[in-house]
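S.K.: The structure's right below; bear with me while I get my questions together.
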Amino acid sequence: MPERCTNRIRDDIMLKGKHLIAGEWMGGTGYFSSDPAHGPAHDFAVGTPEDVDRACEAAEEAFWSYGYSSREDRAAFLNKIADEIDARGDRITEIGTQETGLPEARLIGERGRTVGQLRLFADHILKGDYLDRRHDEALPDRQPLPRPELFMVQRPIGPVAVFGASNFPLAFSTAGGDTAAALAAGCPVVVKGHSAHPGTSELVADAIATAVKACNLHPGVFSQIQGGNRAVGQALVQHPLIKAVGFTGSLRGGRALFDLCAARPEPIPFFGELGSVNPVFLMPEALKARAQAIAEGWVGSLTMGAGQFCTNPGIVVAIAGPDADAFIAAASEGLKQAAAQTMLTDGIASAYRAGCEAVRGSGAVEELVTTQSTDRQATPFLFKTTGRQWLDNEVLGEEVFGPLGVVVLVDSVDEMVEIAKHVQGQLTCTIQLDEGDTETAGRLMPVLERKAGRLLANGFPTGVEVCDTMVHGGPYPASTNFGATSVGTLSIRRFLRPVCYQNMPQAILPADLR
C-alpha cells in the first residue's frame, strides 16, 4: 500500500496519517479511514504491537534523562507544548469539528482548557509542594537504638500509557490531563490515539513533537500510536516497561484493560475514569420554592453536548407530590424543545439508542418524553419510576451515554436515603437544597460522601474545574482507583511514588532534596 501523504484539510494543512514514535513519523502496513461528522474522511496507519514495543523502548530510554530532569526544565516543556497547541489553534478547531461534530465554540473552549491545565501543571511543579518532602534528623544518642537520618520525596514511576477519550478530543486525549500530569511528574508518555478523532490527535502530537525538539529532550519522551486495532491497547497495558495507565472511557472497555493490568507478571495501577449517572437529590423546600428553575438547569445540564459528558446528571430523586409534578412538567417541556444534536460517533449513537431501549424495556418506567434518535443524531428521553422499582431494576441505575433522564419518585426522606445507599460509585452527587432543608440534606451527606468524589450543592455537575481542589474520580465503577483524581493538580500523584533515603550523602540525593 502506498504512503498516505495526501490528507489535506486546507491548502496549508497536511495530515500525515502516521504514528509519532520517538520523534519520527512512521506509517504502517494497514490503514483505517476516519468517520467524520462532516467533511472529508482521511486515512491513518493502524497501530501494531510492534509499534507499541518501539515506543515503549524509547520511553524507557528517555526516562533515564527526563525522569531526572529539573522541575524548571519540565515546566518550560509543558509551557512550550501549550504554545505550540495554540499556534495550531485554527487547524485543530477545523479538523476537530469535522471529526466529532462538536461546535466550533466547544472546541475552542476545550483547547483553552487543555493549554490551561498544561500551564497549571508547570506552575504546580515549580512550587514543589507536590513532592511532599520530609526529613527526620538523625538521633545518634537515642536509646535503646539510635535513629538514622531519613529523607523522603515523591519520585516519577517511569513510562506511562495514556488512552485518548472519545468525548474530549483535546482535554482528555493526546495532550490532555493524564499526559500533562505524567509529563509534569517526569514520566515519558505513550498515547494510544482514539480512532474517533485521529486527525485532531495527530495535530496535537505534532505540537508536542515540536516542543520536544525545541526543549532538546530525548525524543522518546512522547509517542502516539493511532487506533484502529484493539491489539494496540492490549499490547500497551501489558508491555513490561509501562508502569501505569491513564484511561477515560466506557466501563466495559476500561474493565477489560484493568483486568489485563492486574494479570501482568508485574501488576501495575490502572487509573480508569469510567463514568457514572451522577444523581441529583431534590430536597423538599428547594423543590417547593424552585421547581421550575431547577428543572431548567437540569435540562440544560442533561442535554449539554448531547449528553456526552461523564458527569451528565442522568438521575433525579425527589419525594412524590405536587412539587415533584411541577418539576417533571417543566423538565418535560424543556426536553421536548431540545433540538437534535450530533453525537461523536455512529457507535456512540447506536449505544445511546440501545440504552434507551433497555430502560424502556425494563417494564419499570413510564415514558414521559418520547423522541426519535436516528443515525448520528441524538434527542432526549425522559422516564419516570418509583423508588421501589428503581431499587428492583439494576438497568435503571446504569449509565446511558447521552441525554437520557430518569426521575425517581420516592415516598419519604427515608426512601431517598435508601436510594442513596444503593447508588453505585459515582463521579458526582448533587443536592438541591434551601435553608429549611439542612436537616434532610444532613442525613444524606454521610451516605453520599462514600459514593462520590465530588459533592455539589445547588448546581449541576457538568463542567469540571481544573484546579488544586478538584476530585474527578470516585468509588468503582466511576473509577478504578477511588483514591485518585484524573483532573486537577492532585492527579500528578498517580504517577509518583514515595522513596525514602537513609543516611544518604547529600551529594547523591535527588536534586529536589539537596
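Every chain in the C-alpha cells has a letter given in the order shown (A, B, ...), and although residue numbers restart at 1 in each chain, ligands are simply numbered from 1 in the order shown.
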Can you list, as number ranges by chain, every protein, DNA or RNA residue that comes within 9 Å of Ala214 of chain A when you count only C-alpha atoms, leaving out same-chain residues fewer than 5 positions away?

M.R.: A: 77, 80, 209

S.K.: Store the residues picked out above in a file with N, CA, C and O atoms, as a JSON list (two decimals), in the first residue's frame.

M.R.:
```json
[["chain", "number", "residue", "atom", "x", "y", "z"],
["A", 77, "PHE", "N", 8.99, 22.86, 29.27],
["A", 77, "PHE", "CA", 8.47, 21.94, 28.25],
["A", 77, "PHE", "C", 6.94, 21.98, 28.20],
["A", 77, "PHE", "O", 6.34, 22.09, 27.12],
["A", 80, "LYS", "N", 5.83, 25.14, 26.60],
["A", 80, "LYS", "CA", 6.10, 25.12, 25.16],
["A", 80, "LYS", "C", 5.06, 24.29, 24.42],
["A", 80, "LYS", "O", 4.62, 24.67, 23.32],
["A", 209, "ALA", "N", 5.69, 17.15, 19.54],
["A", 209, "ALA", "CA", 6.97, 16.82, 18.90],
["A", 209, "ALA", "C", 7.82, 18.07, 18.69],
["A", 209, "ALA", "O", 9.05, 18.05, 18.88]]
```

S.K.: Residues within 6 Å of segment 330-345 of chain A, please, as a JSON list (two decimals) with N, CA, C and O atoms, in the first residue's frame. Count only C-alpha atoms; anything in the same chain fewer than 2 positions from it doesn't count.

M.R.:
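To be explicit, this is the file written out as part23.json:
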```json
[["chain", "number", "residue", "atom", "x", "y", "z"],
["A", 100, "THR", "N", -15.64, 15.28, 15.00],
["A", 100, "THR", "CA", -16.50, 14.99, 16.15],
["A", 100, "THR", "C", -17.92, 15.52, 16.02],
["A", 100, "THR", "O", -18.83, 15.06, 16.72],
["A", 101, "GLY", "N", -18.13, 16.52, 15.15],
["A", 101, "GLY", "CA", -19.43, 17.17, 15.10],
["A", 101, "GLY", "C", -19.64, 18.18, 16.21],
["A", 101, "GLY", "O", -20.71, 18.80, 16.29],
["A", 292, "GLN", "N", -39.35, 25.05, 38.94],
["A", 292, "GLN", "CA", -39.17, 25.48, 37.55],
["A", 292, "GLN", "C", -37.70, 25.75, 37.26],
["A", 292, "GLN", "O", -37.15, 25.28, 36.26],
["A", 295, "ALA", "N", -35.59, 22.58, 37.26],
["A", 295, "ALA", "CA", -35.86, 21.79, 36.05],
["A", 295, "ALA", "C", -35.13, 22.37, 34.85],
["A", 295, "ALA", "O", -34.53, 21.63, 34.05],
["A", 306, "ALA", "N", -24.96, 16.97, 23.81],
["A", 306, "ALA", "CA", -25.70, 15.74, 23.51],
["A", 306, "ALA", "C", -25.56, 14.72, 24.63],
["A", 306, "ALA", "O", -25.66, 13.52, 24.42],
["A", 327, "PHE", "N", -41.92, 19.94, 38.85],
["A", 327, "PHE", "CA", -40.57, 19.75, 38.28],
["A", 327, "PHE", "C", -40.64, 18.90, 37.02],
["A", 327, "PHE", "O", -40.03, 19.25, 35.99],
["A", 328, "ILE", "N", -41.38, 17.81, 37.07],
["A", 328, "ILE", "CA", -41.48, 16.90, 35.92],
["A", 328, "ILE", "C", -42.10, 17.62, 34.73],
["A", 328, "ILE", "O", -41.66, 17.47, 33.58],
["A", 347, "GLY", "N", -21.05, 4.66, 16.57],
["A", 347, "GLY", "CA", -21.11, 3.66, 17.64],
["A", 347, "GLY", "C", -21.71, 4.21, 18.91],
["A", 347, "GLY", "O", -22.50, 3.52, 19.58],
["A", 348, "ILE", "N", -21.35, 5.45, 19.28],
["A", 348, "ILE", "CA", -21.92, 6.06, 20.48],
["A", 348, "ILE", "C", -23.41, 6.31, 20.29],
["A", 348, "ILE", "O", -24.22, 6.08, 21.20],
["A", 349, "ALA", "N", -23.81, 6.75, 19.09],
["A", 349, "ALA", "CA", -25.23, 6.97, 18.82],
["A", 349, "ALA", "C", -26.02, 5.67, 18.90],
["A", 349, "ALA", "O", -27.12, 5.62, 19.45],
["A", 376, "ARG", "N", -26.67, 9.54, 13.44],
["A", 376, "ARG", "CA", -25.75, 10.06, 14.45],
["A", 376, "ARG", "C", -26.37, 11.19, 15.26],
["A", 376, "ARG", "O", -25.70, 11.84, 16.05],
["A", 377, "GLN", "N", -27.67, 11.39, 15.10],
["A", 377, "GLN", "CA", -28.36, 12.45, 15.81],
["A", 377, "GLN", "C", -28.99, 11.92, 17.10],
["A", 377, "GLN", "O", -29.51, 10.81, 17.14],
["A", 378, "ALA", "N", -28.93, 12.71, 18.15],
["A", 378, "ALA", "CA", -29.50, 12.32, 19.44],
["A", 378, "ALA", "C", -30.50, 13.36, 19.90],
["A", 378, "ALA", "O", -30.27, 14.56, 19.81],
["A", 379, "THR", "N", -31.63, 12.88, 20.38],
["A", 379, "THR", "CA", -32.64, 13.71, 21.02],
["A", 379, "THR", "C", -32.92, 13.12, 22.39],
["A", 379, "THR", "O", -32.71, 11.93, 22.63]]
```

S.K.: From the list A:Lys243, A:His135, A:His124, A:His42, which residue is nearest Gly158 of chain A when using only C-alpha atoms?

M.R.: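 Ranked by minimum distance to Gly158 of chain A, first place goes to A:Lys243.
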
S.K.: Do you know which residues are at most 10 Å from Val280 of chain A counting only C-alpha atoms, after dropping those on the same chain fewer than 2 positions away, and could you put them as a PyMOL selection string?

M.R.: chain A and resi 277-278+282-283+298+313-318+407+428-432+456-461

S.K.: Selected residues, C-alpha atoms, written as a PDB file, in the first residue's frame, please.

M.R.:
```pdb
ATOM      1  CA  VAL A 277     -25.104   8.551  36.352  1.00  0.00           C
ATOM      2  CA  ASN A 278     -24.405  11.459  38.751  1.00  0.00           C
ATOM      3  CA  LEU A 282     -34.033  17.370  45.319  1.00  0.00           C
ATOM      4  CA  MET A 283     -34.733  18.463  48.886  1.00  0.00           C
ATOM      5  CA  TRP A 298     -31.177  20.163  34.944  1.00  0.00           C
ATOM      6  CA  PRO A 313     -26.790  14.078  35.604  1.00  0.00           C
ATOM      7  CA  GLY A 314     -28.917  11.180  34.385  1.00  0.00           C
ATOM      8  CA  ILE A 315     -30.978  10.557  37.528  1.00  0.00           C
ATOM      9  CA  VAL A 316     -33.121  12.855  39.689  1.00  0.00           C
ATOM     10  CA  VAL A 317     -34.511  11.690  43.044  1.00  0.00           C
ATOM     11  CA  ALA A 318     -37.461  13.588  44.563  1.00  0.00           C
ATOM     12  CA  VAL A 407     -36.873  10.781  37.582  1.00  0.00           C
ATOM     13  CA  THR A 428     -20.563  13.294  41.440  1.00  0.00           C
ATOM     14  CA  CYS A 429     -23.663  13.551  43.602  1.00  0.00           C
ATOM     15  CA  THR A 430     -25.693  16.754  43.780  1.00  0.00           C
ATOM     16  CA  ILE A 431     -28.090  18.111  46.405  1.00  0.00           C
ATOM     17  CA  GLN A 432     -30.529  20.900  45.604  1.00  0.00           C
ATOM     18  CA  LEU A 456     -22.328  19.652  44.821  1.00  0.00           C
ATOM     19  CA  ALA A 457     -24.951  21.907  46.342  1.00  0.00           C
ATOM     20  CA  ASN A 458     -27.353  23.921  44.178  1.00  0.00           C
ATOM     21  CA  GLY A 459     -25.539  23.403  40.920  1.00  0.00           C
ATOM     22  CA  PHE A 460     -25.143  20.787  38.216  1.00  0.00           C
ATOM     23  CA  PRO A 461     -22.126  18.566  37.679  1.00  0.00           C
TER      24      PRO A 461
END
```

S.K.: Taking only C-alpha atoms into account, name the residue in A:Gly246, A:Glu99, A:Phe168, A:Glu435 that is nearest to Ala286 of chain A.

M.R.: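 Among the listed residues, A:Glu435 lies closest to Ala286 of chain A.
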
S.K.: Please measure the separation of atom CA of Gly193 of chain A and atom CA of Phe163 of chain A, giving the value in Å to one decimal.

M.R.: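 Between atom CA of Gly193 of chain A and atom CA of Phe163 of chain A the gap works out to 6.5 Å.
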
S.K.: Give the alpha helix (DSSP H) residues of segment 355-469 of chain A, as DSSP finds them on the backbone, and put them as a PyMOL selection string.

M.R.: chain A and resi 355-360+387-392+413-422+438-449

S.K.: Report as a PDB file with N, CA and C atoms, in the first residue's frame all protein, DNA and RNA residues lying within 12 Å of Tyr476 of chain A, evaluated on only C-alpha atoms, omitting residues in the same chain fewer than 2 positions from it.

M.R.:
```
ATOM      1  N   LEU A 251     -17.168   1.693  30.784  1.00  0.00           N
ATOM      2  CA  LEU A 251     -16.966   0.711  31.847  1.00  0.00           C
ATOM      3  C   LEU A 251     -16.486  -0.621  31.281  1.00  0.00           C
ATOM      4  N   GLY A 254     -12.844  -0.192  29.876  1.00  0.00           N
ATOM      5  CA  GLY A 254     -11.920   0.073  30.965  1.00  0.00           C
ATOM      6  C   GLY A 254     -11.716  -1.134  31.856  1.00  0.00           C
ATOM      7  N   ARG A 255     -12.796  -1.864  32.130  1.00  0.00           N
ATOM      8  CA  ARG A 255     -12.662  -3.035  32.994  1.00  0.00           C
ATOM      9  C   ARG A 255     -11.798  -4.107  32.329  1.00  0.00           C
ATOM     10  N   PHE A 258      -8.264  -2.946  32.745  1.00  0.00           N
ATOM     11  CA  PHE A 258      -7.921  -3.054  34.165  1.00  0.00           C
ATOM     12  C   PHE A 258      -7.548  -4.492  34.523  1.00  0.00           C
ATOM     13  N   PHE A 271      -5.532   3.615  36.136  1.00  0.00           N
ATOM     14  CA  PHE A 271      -6.345   4.735  36.583  1.00  0.00           C
ATOM     15  C   PHE A 271      -7.431   4.985  35.536  1.00  0.00           C
ATOM     16  N   GLY A 272      -8.522   4.247  35.659  1.00  0.00           N
ATOM     17  CA  GLY A 272      -9.611   4.339  34.697  1.00  0.00           C
ATOM     18  C   GLY A 272     -10.733   5.209  35.219  1.00  0.00           C
ATOM     19  N   GLU A 273     -11.118   6.205  34.434  1.00  0.00           N
ATOM     20  CA  GLU A 273     -12.289   7.030  34.743  1.00  0.00           C
ATOM     21  C   GLU A 273     -13.388   6.558  33.822  1.00  0.00           C
ATOM     22  N   LEU A 274     -14.435   5.930  34.391  1.00  0.00           N
ATOM     23  CA  LEU A 274     -15.369   5.128  33.600  1.00  0.00           C
ATOM     24  C   LEU A 274     -16.779   5.694  33.543  1.00  0.00           C
ATOM     25  N   GLY A 275     -17.022   6.855  34.128  1.00  0.00           N
ATOM     26  CA  GLY A 275     -18.332   7.474  34.005  1.00  0.00           C
ATOM     27  C   GLY A 275     -19.287   7.061  35.108  1.00  0.00           C
ATOM     28  N   SER A 276     -20.457   7.720  35.151  1.00  0.00           N
ATOM     29  CA  SER A 276     -21.455   7.451  36.189  1.00  0.00           C
ATOM     30  C   SER A 276     -22.761   8.123  35.797  1.00  0.00           C
ATOM     31  N   VAL A 423     -27.016   3.444  45.445  1.00  0.00           N
ATOM     32  CA  VAL A 423     -26.348   4.011  44.280  1.00  0.00           C
ATOM     33  C   VAL A 423     -24.931   3.450  44.199  1.00  0.00           C
ATOM     34  N   GLN A 424     -24.492   3.114  42.990  1.00  0.00           N
ATOM     35  CA  GLN A 424     -23.120   2.662  42.810  1.00  0.00           C
ATOM     36  C   GLN A 424     -22.151   3.837  42.929  1.00  0.00           C
ATOM     37  N   GLY A 425     -20.851   3.543  42.873  1.00  0.00           N
ATOM     38  CA  GLY A 425     -19.852   4.596  42.931  1.00  0.00           C
ATOM     39  C   GLY A 425     -20.048   5.608  41.818  1.00  0.00           C
ATOM     40  N   GLN A 426     -19.927   6.887  42.167  1.00  0.00           N
ATOM     41  CA  GLN A 426     -20.208   7.970  41.230  1.00  0.00           C
ATOM     42  C   GLN A 426     -19.054   8.967  41.172  1.00  0.00           C
ATOM     43  N   LEU A 427     -18.969   9.675  40.056  1.00  0.00           N
ATOM     44  CA  LEU A 427     -18.070  10.813  39.987  1.00  0.00           C
ATOM     45  C   LEU A 427     -18.621  11.979  40.798  1.00  0.00           C
ATOM     46  N   ARG A 450     -19.552   8.629  50.761  1.00  0.00           N
ATOM     47  CA  ARG A 450     -18.999   7.300  50.472  1.00  0.00           C
ATOM     48  C   ARG A 450     -19.268   6.876  49.032  1.00  0.00           C
ATOM     49  N   LYS A 451     -20.031   7.673  48.311  1.00  0.00           N
ATOM     50  CA  LYS A 451     -20.451   7.273  46.968  1.00  0.00           C
ATOM     51  C   LYS A 451     -19.747   8.036  45.854  1.00  0.00           C
ATOM     52  N   ALA A 452     -19.223   9.219  46.124  1.00  0.00           N
ATOM     53  CA  ALA A 452     -18.737  10.064  45.027  1.00  0.00           C
ATOM     54  C   ALA A 452     -17.473  10.805  45.409  1.00  0.00           C
ATOM     55  N   GLY A 453     -16.745  11.230  44.373  1.00  0.00           N
ATOM     56  CA  GLY A 453     -15.546  12.019  44.577  1.00  0.00           C
ATOM     57  C   GLY A 453     -15.816  13.503  44.698  1.00  0.00           C
ATOM     58  N   GLY A 473     -13.132  11.581  40.178  1.00  0.00           N
ATOM     59  CA  GLY A 473     -12.961  10.154  40.390  1.00  0.00           C
ATOM     60  C   GLY A 473     -13.945   9.747  41.469  1.00  0.00           C
ATOM     61  N   GLY A 474     -14.009   8.493  41.767  1.00  0.00           N
ATOM     62  CA  GLY A 474     -14.937   8.037  42.787  1.00  0.00           C
ATOM     63  C   GLY A 474     -14.869   6.536  42.927  1.00  0.00           C
ATOM     64  N   ALA A 478     -17.333   4.183  39.004  1.00  0.00           N
ATOM     65  CA  ALA A 478     -17.000   5.500  38.453  1.00  0.00           C
ATOM     66  C   ALA A 478     -15.539   5.549  38.045  1.00  0.00           C
ATOM     67  N   SER A 479     -14.675   4.963  38.849  1.00  0.00           N
ATOM     68  CA  SER A 479     -13.267   4.873  38.502  1.00  0.00           C
ATOM     69  C   SER A 479     -12.692   3.616  39.144  1.00  0.00           C
ATOM     70  N   THR A 480     -11.523   3.222  38.686  1.00  0.00           N
ATOM     71  CA  THR A 480     -10.906   2.001  39.184  1.00  0.00           C
ATOM     72  C   THR A 480      -9.992   2.253  40.371  1.00  0.00           C
ATOM     73  N   ASN A 481      -9.819   3.519  40.752  1.00  0.00           N
ATOM     74  CA  ASN A 481      -8.996   3.843  41.901  1.00  0.00           C
ATOM     75  C   ASN A 481      -9.607   5.053  42.581  1.00  0.00           C
ATOM     76  N   PHE A 482     -10.416   4.807  43.617  1.00  0.00           N
ATOM     77  CA  PHE A 482     -11.164   5.905  44.225  1.00  0.00           C
ATOM     78  C   PHE A 482     -10.286   6.849  45.031  1.00  0.00           C
ATOM     79  N   GLY A 483      -9.017   6.510  45.225  1.00  0.00           N
ATOM     80  CA  GLY A 483      -8.118   7.401  45.936  1.00  0.00           C
ATOM     81  C   GLY A 483      -7.410   8.385  45.033  1.00  0.00           C
ATOM     82  N   ALA A 484      -7.799   8.438  43.759  1.00  0.00           N
ATOM     83  CA  ALA A 484      -7.110   9.290  42.783  1.00  0.00           C
ATOM     84  C   ALA A 484      -8.108  10.205  42.086  1.00  0.00           C
TER      85      ALA A 484
END
```

S.K.: Which neighbours of segment 112-116 of chain A fall inside 7 Å, counting only C-alpha atoms, when residues of the same chain fewer than 6 positions from it are skipped, and could you give them as a list of chain:residue names?

M.R.: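 So, after excluding close chain neighbours, the residues are A:Ala82, A:Leu170, A:Ala171, A:Gly176.
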
S.K.: Write a file of the just-selected residues containing N, CA and C atoms, as an mmCIF file, in the first residue's frame.

M.R.:
```cif
data_model
loop_
_atom_site.group_PDB
_atom_site.id
_atom_site.type_symbol
_atom_site.label_atom_id
_atom_site.label_comp_id
_atom_site.auth_asym_id
_atom_site.auth_seq_id
_atom_site.Cartn_x
_atom_site.Cartn_y
_atom_site.Cartn_z
ATOM 1 N N ALA A 82 1.980 23.975 25.323
ATOM 2 C CA ALA A 82 0.799 24.844 25.285
ATOM 3 C C ALA A 82 0.926 25.889 24.182
ATOM 4 N N LEU A 170 -9.463 16.886 22.984
ATOM 5 C CA LEU A 170 -8.306 17.675 23.411
ATOM 6 C C LEU A 170 -8.021 17.492 24.906
ATOM 7 N N ALA A 171 -8.980 17.805 25.757
ATOM 8 C CA ALA A 171 -8.727 17.881 27.192
ATOM 9 C C ALA A 171 -8.475 16.539 27.852
ATOM 10 N N GLY A 176 -3.954 15.807 26.943
ATOM 11 C CA GLY A 176 -4.932 16.090 27.983
ATOM 12 C C GLY A 176 -4.383 15.937 29.388
#
```

S.K.: Can you list, as a VMD selection string, all residues belonging to segment 163-323 of chain A that DSSP tags as strand (DSSP E or B)?

M.R.: chain A and resid 163 189 to 192 222 to 225 244 to 248 270 to 273 280 to 282 315 to 319

S.K.: Take the residues from that selection and put them in a file with N, CA, C and O atoms, as a JSON list (two decimals), in the first residue's frame.

M.R.:
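Once written, result.json looks like this:
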```json
[["chain", "number", "residue", "atom", "x", "y", "z"],
["A", 163, "PHE", "N", -4.67, 6.60, 27.22],
["A", 163, "PHE", "CA", -5.67, 6.31, 26.18],
["A", 163, "PHE", "C", -6.49, 7.57, 25.91],
["A", 163, "PHE", "O", -7.06, 8.15, 26.84],
["A", 189, "VAL", "N", 5.54, 9.48, 28.08],
["A", 189, "VAL", "CA", 4.17, 9.07, 27.80],
["A", 189, "VAL", "C", 4.07, 8.43, 26.43],
["A", 189, "VAL", "O", 4.65, 8.92, 25.45],
["A", 190, "VAL", "N", 3.32, 7.33, 26.37],
["A", 190, "VAL", "CA", 2.95, 6.70, 25.11],
["A", 190, "VAL", "C", 1.42, 6.76, 25.02],
["A", 190, "VAL", "O", 0.72, 6.21, 25.88],
["A", 191, "VAL", "N", 0.91, 7.46, 24.02],
["A", 191, "VAL", "CA", -0.53, 7.66, 23.85],
["A", 191, "VAL", "C", -1.07, 6.71, 22.80],
["A", 191, "VAL", "O", -0.47, 6.55, 21.74],
["A", 192, "LYS", "N", -2.21, 6.10, 23.11],
["A", 192, "LYS", "CA", -2.99, 5.41, 22.08],
["A", 192, "LYS", "C", -4.08, 6.37, 21.65],
["A", 192, "LYS", "O", -5.00, 6.68, 22.40],
["A", 222, "PHE", "N", 7.84, 11.27, 24.31],
["A", 222, "PHE", "CA", 6.43, 11.22, 23.88],
["A", 222, "PHE", "C", 6.31, 10.45, 22.57],
["A", 222, "PHE", "O", 7.07, 10.69, 21.63],
["A", 223, "SER", "N", 5.34, 9.55, 22.53],
["A", 223, "SER", "CA", 4.97, 8.87, 21.29],
["A", 223, "SER", "C", 3.45, 8.74, 21.23],
["A", 223, "SER", "O", 2.78, 8.71, 22.27],
["A", 224, "GLN", "N", 2.92, 8.68, 20.01],
["A", 224, "GLN", "CA", 1.50, 8.44, 19.83],
["A", 224, "GLN", "C", 1.29, 7.41, 18.73],
["A", 224, "GLN", "O", 1.82, 7.55, 17.63],
["A", 225, "ILE", "N", 0.51, 6.39, 19.07],
["A", 225, "ILE", "CA", 0.17, 5.34, 18.11],
["A", 225, "ILE", "C", -1.32, 5.46, 17.83],
["A", 225, "ILE", "O", -2.13, 5.47, 18.76],
["A", 244, "ALA", "N", 2.21, 2.52, 34.54],
["A", 244, "ALA", "CA", 0.86, 2.94, 34.94],
["A", 244, "ALA", "C", 0.09, 3.29, 33.69],
["A", 244, "ALA", "O", 0.67, 3.58, 32.63],
["A", 245, "VAL", "N", -1.24, 3.27, 33.80],
["A", 245, "VAL", "CA", -2.12, 3.55, 32.66],
["A", 245, "VAL", "C", -3.16, 4.58, 33.07],
["A", 245, "VAL", "O", -3.77, 4.47, 34.14],
["A", 246, "GLY", "N", -3.37, 5.58, 32.21],
["A", 246, "GLY", "CA", -4.46, 6.53, 32.37],
["A", 246, "GLY", "C", -5.50, 6.30, 31.28],
["A", 246, "GLY", "O", -5.15, 6.23, 30.10],
["A", 247, "PHE", "N", -6.76, 6.17, 31.68],
["A", 247, "PHE", "CA", -7.82, 5.81, 30.73],
["A", 247, "PHE", "C", -9.09, 6.57, 31.06],
["A", 247, "PHE", "O", -9.47, 6.69, 32.23],
["A", 248, "THR", "N", -9.75, 7.09, 30.03],
["A", 248, "THR", "CA", -11.09, 7.66, 30.16],
["A", 248, "THR", "C", -11.96, 7.03, 29.09],
["A", 248, "THR", "O", -11.66, 7.14, 27.90],
["A", 270, "PHE", "N", -4.01, 0.89, 37.20],
["A", 270, "PHE", "CA", -4.81, 1.31, 36.06],
["A", 270, "PHE", "C", -5.76, 2.39, 36.57],
["A", 270, "PHE", "O", -6.68, 2.12, 37.35],
["A", 271, "PHE", "N", -5.53, 3.62, 36.14],
["A", 271, "PHE", "CA", -6.34, 4.74, 36.58],
["A", 271, "PHE", "C", -7.43, 4.99, 35.54],
["A", 271, "PHE", "O", -7.27, 5.82, 34.64],
["A", 272, "GLY", "N", -8.52, 4.25, 35.66],
["A", 272, "GLY", "CA", -9.61, 4.34, 34.70],
["A", 272, "GLY", "C", -10.73, 5.21, 35.22],
["A", 272, "GLY", "O", -11.24, 5.00, 36.33],
["A", 273, "GLU", "N", -11.12, 6.20, 34.43],
["A", 273, "GLU", "CA", -12.29, 7.03, 34.74],
["A", 273, "GLU", "C", -13.39, 6.56, 33.82],
["A", 273, "GLU", "O", -13.31, 6.72, 32.60],
["A", 280, "VAL", "N", -28.98, 13.45, 41.19],
["A", 280, "VAL", "CA", -29.33, 14.76, 41.77],
["A", 280, "VAL", "C", -30.47, 14.54, 42.74],
["A", 280, "VAL", "O", -31.53, 14.01, 42.36],
["A", 281, "PHE", "N", -30.29, 14.91, 44.00],
["A", 281, "PHE", "CA", -31.31, 14.74, 45.03],
["A", 281, "PHE", "C", -31.96, 16.08, 45.31],
["A", 281, "PHE", "O", -31.29, 17.06, 45.67],
["A", 282, "LEU", "N", -33.29, 16.13, 45.15],
["A", 282, "LEU", "CA", -34.03, 17.37, 45.32],
["A", 282, "LEU", "C", -34.66, 17.40, 46.71],
["A", 282, "LEU", "O", -35.54, 16.59, 47.02],
["A", 315, "ILE", "N", -29.93, 10.98, 36.60],
["A", 315, "ILE", "CA", -30.98, 10.56, 37.53],
["A", 315, "ILE", "C", -31.31, 11.70, 38.48],
["A", 315, "ILE", "O", -30.42, 12.36, 39.01],
["A", 316, "VAL", "N", -32.62, 11.90, 38.70],
["A", 316, "VAL", "CA", -33.12, 12.85, 39.69],
["A", 316, "VAL", "C", -33.97, 12.09, 40.70],
["A", 316, "VAL", "O", -34.81, 11.26, 40.32],
["A", 317, "VAL", "N", -33.75, 12.34, 41.97],
["A", 317, "VAL", "CA", -34.51, 11.69, 43.04],
["A", 317, "VAL", "C", -35.28, 12.76, 43.80],
["A", 317, "VAL", "O", -34.69, 13.74, 44.29],
["A", 318, "ALA", "N", -36.62, 12.59, 43.90],
["A", 318, "ALA", "CA", -37.46, 13.59, 44.56],
["A", 318, "ALA", "C", -38.60, 12.88, 45.27],
["A", 318, "ALA", "O", -39.00, 11.77, 44.91],
["A", 319, "ILE", "N", -39.15, 13.52, 46.31],
["A", 319, "ILE", "CA", -40.30, 12.99, 47.02],
["A", 319, "ILE", "C", -41.55, 13.28, 46.20],
["A", 319, "ILE", "O", -41.79, 14.40, 45.76]]
```

S.K.: With only C-alpha atoms as the atoms that count, which of A:Asp414, A:Asp132, A:Glu296, A:Glu266 lies nearest to Cys500 of chain A?

M.R.: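 Comparing A:Asp414, A:Asp132, A:Glu296, A:Glu266 against Cys500 of chain A, the winner is A:Asp132.
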
S.K.: Pick out the residues sitting within 12 Å of Leu78 of chain A, and hand them over as a PyMOL selection string; count only C-alpha atoms, and ignore anything fewer than 4 positions along from it in its own chain.

M.R.: chain A and resi 71-74+82-85+114-126+175-177+179-186+207-212+214-215

S.K.: I'd like to know which of A:Tyr352, A:Phe401, A:Tyr130, A:Trp390 is closest to Asn312 of chain A, using only C-alpha atoms.

M.R.: A:Phe401

S.K.: Would you tabulate, counting only C-alpha atoms, all residues of segment 341-418 of chain A that have an atom at most 8 Å from an atom of segment 300-305 of chain A, showing the closest pair of atoms and their distance in Å to one decimal, sorted by chain then ascending number, as JSON lines?

M.R.:
```
{"residue": "A:Gln341", "atom": "CA", "partner": "A:Gly305", "partner_atom": "CA", "distance": 7.6}
{"residue": "A:Pro380", "atom": "CA", "partner": "A:Thr303", "partner_atom": "CA", "distance": 7.1}
{"residue": "A:Gly402", "atom": "CA", "partner": "A:Thr303", "partner_atom": "CA", "distance": 7.7}
{"residue": "A:Pro403", "atom": "CA", "partner": "A:Thr303", "partner_atom": "CA", "distance": 5.1}
{"residue": "A:Leu404", "atom": "CA", "partner": "A:Leu302", "partner_atom": "CA", "distance": 7.4}
{"residue": "A:Gly405", "atom": "CA", "partner": "A:Leu302", "partner_atom": "CA", "distance": 7.3}
```

S.K.: Save out the residues we just selected, C-alpha atoms, as a PDB file, in the first residue's frame.

M.R.:
```pdb
ATOM      1  CA  GLN A 341     -27.506  17.072  18.349  1.00  0.00           C
ATOM      2  CA  PRO A 380     -33.533  13.450  24.721  1.00  0.00           C
ATOM      3  CA  GLY A 402     -26.439  10.583  26.058  1.00  0.00           C
ATOM      4  CA  PRO A 403     -29.332  12.895  27.006  1.00  0.00           C
ATOM      5  CA  LEU A 404     -31.498  10.348  28.830  1.00  0.00           C
ATOM      6  CA  GLY A 405     -33.021  11.244  32.185  1.00  0.00           C
TER       7      GLY A 405
END
```

S.K.: Hey, what's within 8 Å of Leu513 of chain A if we count only C-alpha atoms and toss same-chain stuff fewer than 5 positions away? As a PyMOL selection string, please?

M.R.: chain A and resi 133+151+153
